[in-house]
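What follows is input.cif (mmCIF, C-alpha atoms).
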```cif
data_model
loop_
_atom_site.label_atom_id
_atom_site.label_comp_id
_atom_site.auth_asym_id
_atom_site.auth_seq_id
_atom_site.Cartn_x
_atom_site.Cartn_y
_atom_site.Cartn_z
CA MET A 1 -12.43 -23.29 -0.89
CA ILE A 2 -10.57 -20.21 0.31
CA THR A 3 -7.99 -20.66 3.06
CA PHE A 4 -7.33 -17.56 5.12
CA TYR A 5 -4.24 -17.34 7.33
CA GLN A 6 -4.79 -14.69 9.94
CA ARG A 7 -4.25 -13.33 13.41
CA THR A 8 -7.70 -12.62 14.74
CA ASP A 9 -6.99 -9.11 16.11
CA CYS A 10 -4.77 -7.90 13.24
CA PRO A 11 -6.58 -5.00 11.52
CA PHE A 12 -5.40 -6.08 8.08
CA CYS A 13 -6.86 -9.56 8.69
CA TRP A 14 -10.01 -8.14 10.23
CA LYS A 15 -10.54 -5.95 7.15
CA VAL A 16 -10.40 -8.94 4.81
CA ARG A 17 -12.51 -11.08 7.15
CA LEU A 18 -15.21 -8.40 7.06
CA ALA A 19 -15.12 -8.50 3.26
CA LEU A 20 -15.28 -12.33 3.20
CA VAL A 21 -18.31 -12.26 5.51
CA GLU A 22 -20.02 -9.39 3.68
CA LEU A 23 -19.64 -11.32 0.42
CA ARG A 24 -20.99 -14.51 2.10
CA LEU A 25 -17.99 -16.52 0.95
CA ASP A 26 -17.04 -19.83 2.50
CA TYR A 27 -13.52 -19.81 3.88
CA GLU A 28 -11.37 -21.87 6.17
CA VAL A 29 -9.35 -20.02 8.79
CA VAL A 30 -5.84 -20.88 9.90
CA ASP A 31 -5.17 -18.91 13.07
CA THR A 32 -1.74 -17.69 14.08
CA GLN A 33 -0.70 -15.90 17.24
CA LEU A 34 1.14 -12.62 17.71
CA GLY A 35 4.79 -13.26 16.81
CA GLU A 36 4.15 -16.74 15.38
CA LYS A 37 5.68 -17.52 12.01
CA HIS A 38 3.48 -20.14 10.36
CA PRO A 39 5.51 -22.20 7.85
CA ASP A 40 2.84 -21.81 5.14
CA VAL A 41 2.88 -18.03 5.63
CA LEU A 42 6.67 -17.94 5.41
CA ARG A 43 6.47 -19.97 2.19
CA LEU A 44 3.65 -17.99 0.59
CA SER A 45 4.50 -14.44 1.61
CA PRO A 46 7.73 -12.50 0.99
CA THR A 47 7.01 -10.46 4.13
CA GLY A 48 6.22 -13.56 6.20
CA THR A 49 3.19 -11.88 7.76
CA VAL A 50 -0.54 -12.50 7.87
CA PRO A 51 -3.00 -12.13 6.27
CA VAL A 52 -2.41 -14.63 3.47
CA LEU A 53 -5.33 -15.75 1.33
CA VAL A 54 -5.16 -18.89 -0.80
CA ASP A 55 -7.82 -19.64 -3.39
CA GLY A 56 -6.88 -22.59 -5.58
CA ASP A 57 -3.69 -21.65 -7.41
CA VAL A 58 -3.81 -18.04 -6.27
CA ALA A 59 -1.91 -17.05 -3.12
CA ILE A 60 -2.19 -13.40 -2.04
CA TRP A 61 -0.06 -11.89 0.75
CA GLU A 62 -1.24 -8.28 0.69
CA SER A 63 -4.60 -7.28 2.15
CA GLY A 64 -5.46 -4.59 -0.41
CA VAL A 65 -4.78 -7.01 -3.26
CA MET A 66 -7.09 -9.52 -1.53
CA LEU A 67 -9.98 -7.05 -1.63
CA ASP A 68 -9.41 -6.31 -5.32
CA TYR A 69 -9.23 -10.02 -6.05
CA LEU A 70 -12.38 -10.88 -4.07
CA ASP A 71 -14.26 -8.00 -5.68
CA GLN A 72 -13.24 -8.98 -9.18
CA ARG A 73 -13.69 -12.73 -8.76
CA TYR A 74 -16.76 -12.98 -6.54
CA ALA A 75 -18.43 -9.66 -5.95
CA GLN A 76 -18.61 -7.77 -9.26
CA GLY A 77 -18.30 -4.33 -7.78
CA ALA A 78 -19.70 -4.93 -4.29
CA LEU A 79 -16.49 -3.72 -2.62
CA LEU A 80 -15.65 -1.00 -5.15
CA PRO A 81 -17.97 1.54 -6.75
CA PRO A 82 -18.16 1.92 -10.53
CA GLY A 83 -16.18 4.57 -12.37
CA PRO A 84 -12.67 5.91 -11.90
CA ASP A 85 -13.59 8.93 -9.74
CA LEU A 86 -15.67 7.12 -7.13
CA GLN A 87 -13.28 4.18 -7.10
CA ALA A 88 -10.31 6.47 -6.50
CA GLY A 89 -12.18 7.94 -3.53
CA VAL A 90 -12.71 4.52 -1.99
CA ARG A 91 -9.13 3.47 -2.68
CA LEU A 92 -7.81 6.63 -1.03
CA ILE A 93 -9.78 6.02 2.16
CA HIS A 94 -8.48 2.45 2.12
CA ALA A 95 -4.93 3.76 1.69
CA TYR A 96 -5.51 6.29 4.47
CA SER A 97 -6.59 3.52 6.78
CA ASP A 98 -3.45 1.47 6.12
CA LYS A 99 -0.91 4.30 5.90
CA CYS A 100 -2.18 6.89 8.36
CA ILE A 101 -4.54 5.33 10.92
CA GLY A 102 -2.34 2.27 11.47
CA PRO A 103 0.72 4.32 12.47
CA ALA A 104 -1.47 6.70 14.52
CA LEU A 105 -2.80 3.86 16.68
CA ARG A 106 0.42 1.87 16.87
CA GLU A 107 1.80 3.08 20.21
CA LEU A 108 -1.59 2.94 21.89
CA VAL A 109 -2.01 -0.70 20.91
CA PHE A 110 1.62 -1.71 21.48
CA GLU A 111 1.71 -0.26 24.99
CA LYS A 112 -1.59 -1.74 26.07
CA ARG A 113 -1.13 -5.17 24.57
CA SER A 114 2.43 -5.78 25.65
CA LYS A 115 2.64 -4.40 29.21
CA PRO A 116 0.70 -4.50 32.47
CA CYS A 117 -1.23 -1.24 32.88
CA ASP A 118 1.04 0.13 35.59
CA GLU A 119 3.92 0.06 33.09
CA TRP A 120 2.15 1.84 30.22
CA ASP A 121 3.96 4.90 28.91
CA GLN A 122 1.13 7.43 29.25
CA GLU A 123 2.94 10.01 27.15
CA LEU A 124 3.22 7.61 24.21
CA ILE A 125 -0.43 6.67 24.65
CA SER A 126 -1.53 10.32 24.76
CA ARG A 127 0.44 11.11 21.62
CA SER A 128 -1.16 8.14 19.88
CA GLU A 129 -4.65 9.17 20.99
CA GLU A 130 -3.95 12.69 19.70
CA ALA A 131 -2.88 11.32 16.31
CA TRP A 132 -6.02 9.17 16.21
CA ARG A 133 -8.17 12.26 16.91
CA ALA A 134 -6.47 13.99 13.97
CA CYS A 135 -7.35 10.99 11.79
CA GLN A 136 -10.97 11.17 12.90
CA ALA A 137 -11.09 14.89 12.10
CA TYR A 138 -9.72 14.14 8.62
CA LEU A 139 -12.18 11.31 8.02
CA GLU A 140 -15.07 13.51 9.16
CA THR A 141 -14.34 15.79 6.18
CA LYS A 142 -14.16 12.85 3.78
CA LEU A 143 -17.28 10.93 4.68
CA ASP A 144 -19.25 10.45 1.58
CA GLN A 145 -22.38 8.51 0.76
CA GLN A 146 -20.46 6.89 -2.09
CA TRP A 147 -18.53 4.70 0.28
CA LEU A 148 -21.08 4.50 3.07
CA ASN A 149 -23.36 1.52 3.61
CA SER A 150 -24.56 1.18 0.05
CA GLY A 151 -25.47 -2.51 0.12
CA THR A 152 -22.22 -4.22 1.01
CA LEU A 153 -19.45 -2.52 2.97
CA SER A 154 -16.93 -1.10 0.52
CA ALA A 155 -13.20 -1.90 0.63
CA ALA A 156 -12.70 1.45 2.39
CA GLU A 157 -15.37 0.67 4.97
CA CYS A 158 -13.96 -2.79 5.73
CA ALA A 159 -10.55 -1.24 6.34
CA LEU A 160 -11.89 1.66 8.37
CA ALA A 161 -14.27 -0.44 10.45
CA ALA A 162 -11.43 -2.72 11.53
CA ARG A 163 -9.27 0.27 12.54
CA CYS A 164 -12.14 1.85 14.49
CA GLY A 165 -12.74 -1.54 16.10
CA VAL A 166 -9.11 -1.81 17.20
CA ALA A 167 -9.20 1.73 18.57
CA GLU A 168 -12.39 1.01 20.48
CA ALA A 169 -11.05 -2.26 21.88
CA TYR A 170 -7.99 -0.45 23.25
CA GLY A 171 -10.04 2.31 24.86
CA ALA A 172 -10.06 4.98 22.15
CA ASP A 173 -13.57 4.75 20.70
CA VAL A 174 -14.61 7.02 17.84
CA ASP A 175 -15.41 10.38 19.45
CA VAL A 176 -19.07 11.49 19.32
CA GLN A 177 -17.92 14.98 18.28
CA TYR A 178 -17.16 13.48 14.85
CA THR A 179 -20.84 12.98 14.21
CA ALA A 180 -20.72 11.59 10.68
CA LEU A 181 -17.92 9.15 11.48
CA HIS A 182 -19.53 8.14 14.77
CA SER A 183 -22.92 7.50 13.13
CA TRP A 184 -21.29 5.52 10.37
CA PHE A 185 -19.42 3.31 12.86
CA GLN A 186 -22.59 2.72 14.93
CA ALA A 187 -24.36 1.63 11.73
CA VAL A 188 -21.51 -0.72 10.81
CA LYS A 189 -21.68 -2.33 14.25
CA LEU A 190 -25.36 -3.20 13.70
CA ARG A 191 -24.56 -5.27 10.61
CA PRO A 192 -24.47 -9.06 11.06
CA SER A 193 -21.00 -9.11 9.47
CA TRP A 194 -19.62 -7.10 12.40
CA ALA A 195 -20.46 -9.81 14.94
CA PHE A 196 -19.35 -12.62 12.60
CA ALA A 197 -16.00 -11.02 11.84
CA TYR A 198 -15.28 -9.62 15.31
CA PRO A 199 -11.91 -10.81 16.70
CA GLU A 200 -11.90 -13.75 19.09
CA SER A 201 -9.68 -11.77 21.44
CA PHE A 202 -7.27 -8.86 21.68
CA PRO A 203 -3.88 -9.39 23.33
CA GLY A 204 -3.96 -7.76 26.74
CA ILE A 205 -7.75 -7.43 26.77
CA GLY A 206 -10.41 -9.86 28.01
CA ARG A 207 -12.50 -11.52 25.32
CA GLY A 208 -15.56 -9.54 24.25
CA GLN A 209 -14.58 -6.58 26.42
CA THR A 210 -14.72 -3.49 24.26
CA THR A 211 -13.26 -0.92 26.62
CA ILE A 212 -10.52 -1.12 29.19
CA MET B 1 -5.16 18.54 -18.11
CA ILE B 2 -3.47 16.43 -15.45
CA THR B 3 -1.20 18.18 -12.96
CA PHE B 4 1.48 15.98 -11.43
CA TYR B 5 3.32 17.10 -8.31
CA GLN B 6 6.54 15.18 -8.05
CA ARG B 7 10.16 14.92 -7.01
CA THR B 8 11.99 13.77 -10.11
CA ASP B 9 14.09 11.01 -8.47
CA CYS B 10 11.37 9.68 -6.13
CA PRO B 11 10.60 6.08 -7.19
CA PHE B 12 6.88 6.48 -6.47
CA CYS B 13 6.79 9.55 -8.75
CA TRP B 14 8.96 7.87 -11.37
CA LYS B 15 6.57 4.88 -11.44
CA VAL B 16 3.57 7.12 -12.17
CA ARG B 17 5.54 9.21 -14.67
CA LEU B 18 6.39 6.03 -16.58
CA ALA B 19 2.68 5.15 -16.68
CA LEU B 20 1.72 8.67 -17.83
CA VAL B 21 4.29 8.49 -20.64
CA GLU B 22 3.40 4.91 -21.61
CA LEU B 23 -0.25 5.97 -21.90
CA ARG B 24 0.73 9.06 -23.94
CA LEU B 25 -1.17 11.36 -21.62
CA ASP B 26 -0.57 15.09 -21.50
CA TYR B 27 0.39 16.28 -18.05
CA GLU B 28 1.88 19.32 -16.43
CA VAL B 29 4.64 18.77 -13.90
CA VAL B 30 5.13 20.69 -10.67
CA ASP B 31 8.58 19.83 -9.39
CA THR B 32 9.49 19.79 -5.73
CA GLN B 33 12.87 19.18 -4.12
CA LEU B 34 13.91 16.67 -1.47
CA GLY B 35 12.52 17.91 1.85
CA GLU B 36 10.36 20.63 0.28
CA LYS B 37 6.75 20.86 1.40
CA HIS B 38 4.76 22.35 -1.45
CA PRO B 39 1.64 24.14 -0.15
CA ASP B 40 -0.60 22.41 -2.73
CA VAL B 41 0.77 19.03 -1.69
CA LEU B 42 0.19 19.80 1.98
CA ARG B 43 -3.39 20.80 1.14
CA LEU B 44 -4.15 17.85 -1.13
CA SER B 45 -2.40 15.00 0.65
CA PRO B 46 -2.87 13.81 4.24
CA THR B 47 0.71 12.55 4.21
CA GLY B 48 2.06 15.79 2.72
CA THR B 49 4.29 13.90 0.31
CA VAL B 50 4.62 13.60 -3.45
CA PRO B 51 3.43 12.26 -5.79
CA VAL B 52 0.07 13.99 -5.99
CA LEU B 53 -1.96 13.79 -9.19
CA VAL B 54 -4.79 16.20 -9.92
CA ASP B 55 -7.17 15.60 -12.79
CA GLY B 56 -10.10 18.01 -12.75
CA ASP B 57 -11.99 17.44 -9.51
CA VAL B 58 -10.00 14.32 -8.62
CA ALA B 59 -6.93 14.66 -6.41
CA ILE B 60 -4.97 11.48 -5.68
CA TRP B 61 -2.14 11.31 -3.12
CA GLU B 62 -1.21 7.62 -3.34
CA SER B 63 0.80 6.26 -6.25
CA GLY B 64 -0.93 2.88 -6.49
CA VAL B 65 -4.34 4.55 -6.56
CA MET B 66 -3.03 6.80 -9.38
CA LEU B 67 -2.22 3.77 -11.53
CA ASP B 68 -5.66 2.25 -10.93
CA TYR B 69 -7.29 5.58 -11.77
CA LEU B 70 -5.26 6.13 -14.94
CA ASP B 71 -5.91 2.58 -16.08
CA GLN B 72 -9.62 2.83 -15.49
CA ARG B 73 -10.09 6.34 -16.90
CA TYR B 74 -7.69 6.40 -19.82
CA ALA B 75 -6.14 3.05 -20.54
CA GLN B 76 -8.84 0.39 -20.35
CA GLY B 77 -6.63 -2.38 -19.13
CA ALA B 78 -3.25 -1.26 -20.47
CA LEU B 79 -1.70 -1.18 -16.98
CA LEU B 80 -3.56 -4.17 -15.57
CA PRO B 81 -4.24 -7.52 -17.22
CA PRO B 82 -7.77 -8.91 -17.45
CA GLY B 83 -9.12 -11.39 -14.95
CA PRO B 84 -8.71 -11.67 -11.19
CA ASP B 85 -5.81 -14.16 -11.19
CA LEU B 86 -3.51 -12.28 -13.56
CA GLN B 87 -4.43 -8.96 -12.03
CA ALA B 88 -3.63 -10.23 -8.53
CA GLY B 89 -0.20 -11.28 -9.84
CA VAL B 90 0.51 -7.80 -11.18
CA ARG B 91 -0.81 -6.14 -8.02
CA LEU B 92 1.42 -8.35 -5.86
CA ILE B 93 4.56 -7.42 -7.79
CA HIS B 94 3.53 -3.79 -7.47
CA ALA B 95 3.05 -4.26 -3.72
CA TYR B 96 6.41 -6.06 -3.52
CA SER B 97 8.10 -3.11 -5.18
CA ASP B 98 6.63 -0.61 -2.70
CA LYS B 99 6.83 -2.71 0.46
CA CYS B 100 9.96 -4.80 0.00
CA ILE B 101 12.31 -3.24 -2.57
CA GLY B 102 11.86 0.28 -1.21
CA PRO B 103 12.99 -0.63 2.31
CA ALA B 104 15.77 -2.85 0.91
CA LEU B 105 17.30 0.05 -1.03
CA ARG B 106 16.65 2.74 1.59
CA GLU B 107 20.03 2.78 3.35
CA LEU B 108 22.00 2.54 0.11
CA VAL B 109 20.21 5.59 -1.27
CA PHE B 110 20.13 7.56 1.99
CA GLU B 111 23.86 7.14 2.60
CA LYS B 112 24.90 8.01 -0.93
CA ARG B 113 22.57 10.94 -1.44
CA SER B 114 23.09 12.65 1.89
CA LYS B 115 26.83 12.33 2.60
CA PRO B 116 30.16 12.80 0.83
CA CYS B 117 31.53 9.40 -0.17
CA ASP B 118 34.24 9.36 2.50
CA GLU B 119 31.51 9.45 5.15
CA TRP B 120 29.35 6.63 3.78
CA ASP B 121 28.63 3.87 6.26
CA GLN B 122 29.86 0.90 4.23
CA GLU B 123 28.26 -1.62 6.56
CA LEU B 124 24.83 -0.06 6.07
CA ILE B 125 25.42 0.04 2.32
CA SER B 126 26.52 -3.61 2.21
CA ARG B 127 23.46 -4.67 4.19
CA SER B 128 21.24 -2.75 1.80
CA GLU B 129 22.95 -4.27 -1.26
CA GLU B 130 22.46 -7.71 0.28
CA ALA B 131 18.74 -7.05 0.81
CA TRP B 132 18.46 -5.82 -2.79
CA ARG B 133 20.11 -9.05 -4.03
CA ALA B 134 17.51 -11.02 -2.04
CA CYS B 135 14.78 -9.00 -3.76
CA GLN B 136 16.28 -9.74 -7.16
CA ALA B 137 16.41 -13.46 -6.35
CA TYR B 138 12.73 -13.33 -5.35
CA LEU B 139 11.72 -11.44 -8.50
CA GLU B 140 13.65 -13.87 -10.67
CA THR B 141 11.25 -16.62 -9.51
CA LYS B 142 8.20 -14.44 -10.20
CA LEU B 143 8.94 -13.15 -13.67
CA ASP B 144 6.05 -14.00 -15.85
CA GLN B 145 5.15 -13.19 -19.42
CA GLN B 146 1.80 -11.93 -18.14
CA TRP B 147 3.37 -8.79 -16.74
CA LEU B 148 6.31 -8.48 -19.10
CA ASN B 149 6.31 -6.05 -22.01
CA SER B 150 2.95 -7.00 -23.39
CA GLY B 151 2.18 -3.78 -25.23
CA THR B 152 2.30 -1.14 -22.51
CA LEU B 153 4.31 -1.56 -19.33
CA SER B 154 2.02 -2.92 -16.61
CA ALA B 155 1.54 -1.25 -13.23
CA ALA B 156 3.99 -3.79 -11.81
CA GLU B 157 6.57 -3.04 -14.48
CA CYS B 158 6.32 0.73 -13.98
CA ALA B 159 6.93 0.26 -10.26
CA LEU B 160 9.73 -2.24 -10.71
CA ALA B 161 11.49 -0.31 -13.48
CA ALA B 162 11.69 2.79 -11.28
CA ARG B 163 13.14 0.77 -8.39
CA CYS B 164 15.70 -0.90 -10.66
CA GLY B 165 16.52 2.55 -12.05
CA VAL B 166 17.12 3.97 -8.59
CA ALA B 167 19.30 0.99 -7.68
CA GLU B 168 21.33 1.39 -10.88
CA ALA B 169 21.75 5.13 -10.37
CA TYR B 170 23.17 4.52 -6.89
CA GLY B 171 25.60 1.87 -8.10
CA ALA B 172 23.63 -1.34 -7.53
CA ASP B 173 22.54 -2.35 -11.02
CA VAL B 174 20.43 -5.47 -11.55
CA ASP B 175 22.86 -8.39 -11.39
CA VAL B 176 23.38 -10.36 -14.64
CA GLN B 177 23.09 -13.59 -12.67
CA TYR B 178 19.35 -12.89 -12.46
CA THR B 179 19.00 -13.48 -16.16
CA ALA B 180 15.25 -13.05 -16.56
CA LEU B 181 15.15 -9.89 -14.46
CA HIS B 182 18.25 -8.49 -16.13
CA SER B 183 16.89 -9.14 -19.64
CA TRP B 184 13.58 -7.60 -18.70
CA PHE B 185 15.25 -4.44 -17.35
CA GLN B 186 17.43 -4.13 -20.48
CA ALA B 187 14.27 -4.36 -22.62
CA VAL B 188 12.52 -1.71 -20.52
CA LYS B 189 15.48 0.65 -20.95
CA LEU B 190 15.11 0.43 -24.74
CA ARG B 191 11.55 1.76 -24.64
CA PRO B 192 11.08 5.44 -25.53
CA SER B 193 9.16 5.92 -22.26
CA TRP B 194 12.33 5.14 -20.30
CA ALA B 195 14.21 8.13 -21.70
CA PHE B 196 11.17 10.41 -21.45
CA ALA B 197 10.45 9.53 -17.83
CA TYR B 198 14.07 9.29 -16.63
CA PRO B 199 14.78 11.58 -13.64
CA GLU B 200 16.38 14.94 -14.30
CA SER B 201 18.89 14.24 -11.54
CA PHE B 202 19.55 12.17 -8.44
CA PRO B 203 20.64 13.91 -5.23
CA GLY B 204 24.34 13.26 -4.73
CA ILE B 205 24.87 12.06 -8.29
CA GLY B 206 25.76 14.02 -11.41
CA ARG B 207 22.98 14.43 -13.95
CA GLY B 208 22.68 11.59 -16.42
CA GLN B 209 25.37 9.59 -14.70
CA THR B 210 24.02 6.09 -14.13
CA THR B 211 26.75 4.61 -11.98
CA ILE B 212 28.96 6.07 -9.30
#
```

Full structure transcribed into structure tokens:
Amino acid sequence: MITFYQRTDCPFCWKVRLALVELRLDYEVVDTQLGEKHPDVLRLSPTGTVPVLVDGDVAIWESGVMLDYLDQRYAQGALLPPGPDLQAGVRLIHAYSDKCIGPALRELVFEKRSKPCDEWDQELISRSEEAWRACQAYLETKLDQQWLNSGTLSAAECALAARCGVAEAYGADVDVQYTALHSWFQAVKLRPSWAFAYPESFPGIGRGQTTI
Amino acid sequence: MITFYQRTDCPFCWKVRLALVELRLDYEVVDTQLGEKHPDVLRLSPTGTVPVLVDGDVAIWESGVMLDYLDQRYAQGALLPPGPDLQAGVRLIHAYSDKCIGPALRELVFEKRSKPCDEWDQELISRSEEAWRACQAYLETKLDQQWLNSGTLSAAECALAARCGVAEAYGADVDVQYTALHSWFQAVKLRPSWAFAYPESFPGIGRGQTTI
């Protein structure tokens, strides 16, 4: 049995949860809260942060490594396409999600989750929304059937869906002007895995509320 | 022919260069300097940073994705061991190198490469050296024959060797008290790939000089 240490709204955790659900794997969740340092997480991870995935003797503390492991052990290519070229494309979108979209959305999320709305720094939020629009414009040029809804969500799609979900939850939904990206995200949200893996709550936002 | 955009002393570039040399691949280098924004790099990478690797129609802007690509296309498992458990171990050490050792060494390198020595902030340097010792202590517990000098250097070893090389160049060599790590690094330095892939120079340090 897989044990998954997570924070429900963390996009890295959400990404892996989507993969676990897409692959129909049984897993036990250990929930942590924002700022909480779970002793098992501190023991198992050199960064001390969630997600941490434990499967028998294997303990993994990095979300990208989790997807590779799950693909190789349980999914035989469901999360990653065959061949070096296609796989590099999926890995790059995954890397873009972690390295570019995360920082772009950071101030938007931090402001809205940590302060009452009359204390939000609107300039920081605007700058963050601008950076997120630039990410969407980039992604619009990279959308490719190779990593789009071919059976199971790919590693790139799990990562991207969670980021789009965070953006939407904090009031910055994928813009309809990015038609390919917008259509893709609408299709993802119709999958059963989306509802199963959706966060229990977002700090600062009422449960189930998707805009504020 | 592979084209590799790099900065010679950048540990992410050095890591990939080690892999290219270990795999005996032909590649053409395009060198950039610290702070330089090469137009090809700006066009090919959403982060605008080196390394960037171009192989025919494939352009890769993330160093970890490069190693996966090279392994899959040219090396058939030379950089990554078989099986999900062993491969997760190698991927975690690789992630540790990027996410933990890099930040640990940052201040040490930044101070020494950007200022004359009478202006170095010794407190920042000491804190960085302390963090690097903590990394070495962690690695000492993780050293495993599975990712150590079994034929070709693994992805983890390429990453780690470059970080240890940077540390050594800026005066913080691997400590002999970490006997397994120290022995491993000495063995790596005896490989022909080490000399071939060694940086041309380090900013702030004379060429070929390995301690300051």

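Set the cut-off at 9 Å, count only C-alpha atoms, and the residues of chain B near chain A turn out to be Pro46, Thr47, Asp57, Val58, Ala59, Ile60, Trp61, Glu62, Val65, Met66, Asp68, Tyr69, Leu70, Asp71, Gln72, Arg73, Gly83, Pro84, Asp85, Gln87, Ala88, Gly89, Arg91, Leu92, Ala95, Tyr96, Lys99, Cys100 and Tyr138 of chain B.
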
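Between chain A and its sequence-identical counterpart chain B, the C-alpha RMSD after optimal superposition is 0.0 Å.
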
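Take atom CA of B:Ala156 and atom CA of B:Lys15: the distance between them is 9.1 Å.
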
Between A:Leu143, A:Val21, A:Leu34, A:Cys117, smallest distance to A:Ser183 by all atoms listed in the file belongs to A:Leu143

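With all atoms listed in the file as the atoms that count, the residue of B:Thr3, B:Ser97, B:Gln177, B:Thr8 with the shortest distance to B:Leu53 is B:Thr3.
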
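In this comparison, which uses all atoms listed in the file, the residue of B:Gly102, B:Gly48, B:Pro192, B:Pro81 approaching B:Glu36 most closely is B:Gly48.
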
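Closest approach to B:Leu20 from the set B:Trp132, B:Tyr170, B:Phe4, B:Phe110 is made by B:Phe4, with distances taken over all atoms listed in the file.
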
Given the PyMOL selection byres ((chain B and resi 108) around 10), the residues it picks as a PyMOL selection string: chain B and resi 103-107+109-113+120-129+132+167+170-172

Explicit residues for the PyMOL selection byres ((chain A and resi 182) around 12) (as a VMD selection string): chain A and resid 136 to 137 139 to 140 143 160 to 161 164 to 165 168 173 to 181 183 to 189

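Residue nearest B:Pro199 within the list B:Gln76, B:Ala159, B:Leu44, B:Cys13: B:Cys13 [criterion: smallest interatomic distance, only C-alpha atoms].
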
Can you tell me which residues surround A:Cys10 at a distance of at most 12 Å, considering all atoms listed in the file, apart from same-chain residues fewer than 3 positions away, and format the answer as a PyMOL selection string? chain A and resi 5-7+13-17+31-35+49-51+63+98+102+106+109+159+162-163+165-167+197-203

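Atom CA of B:Leu18 lies 12.7 Å from atom CA of B:Ala78.
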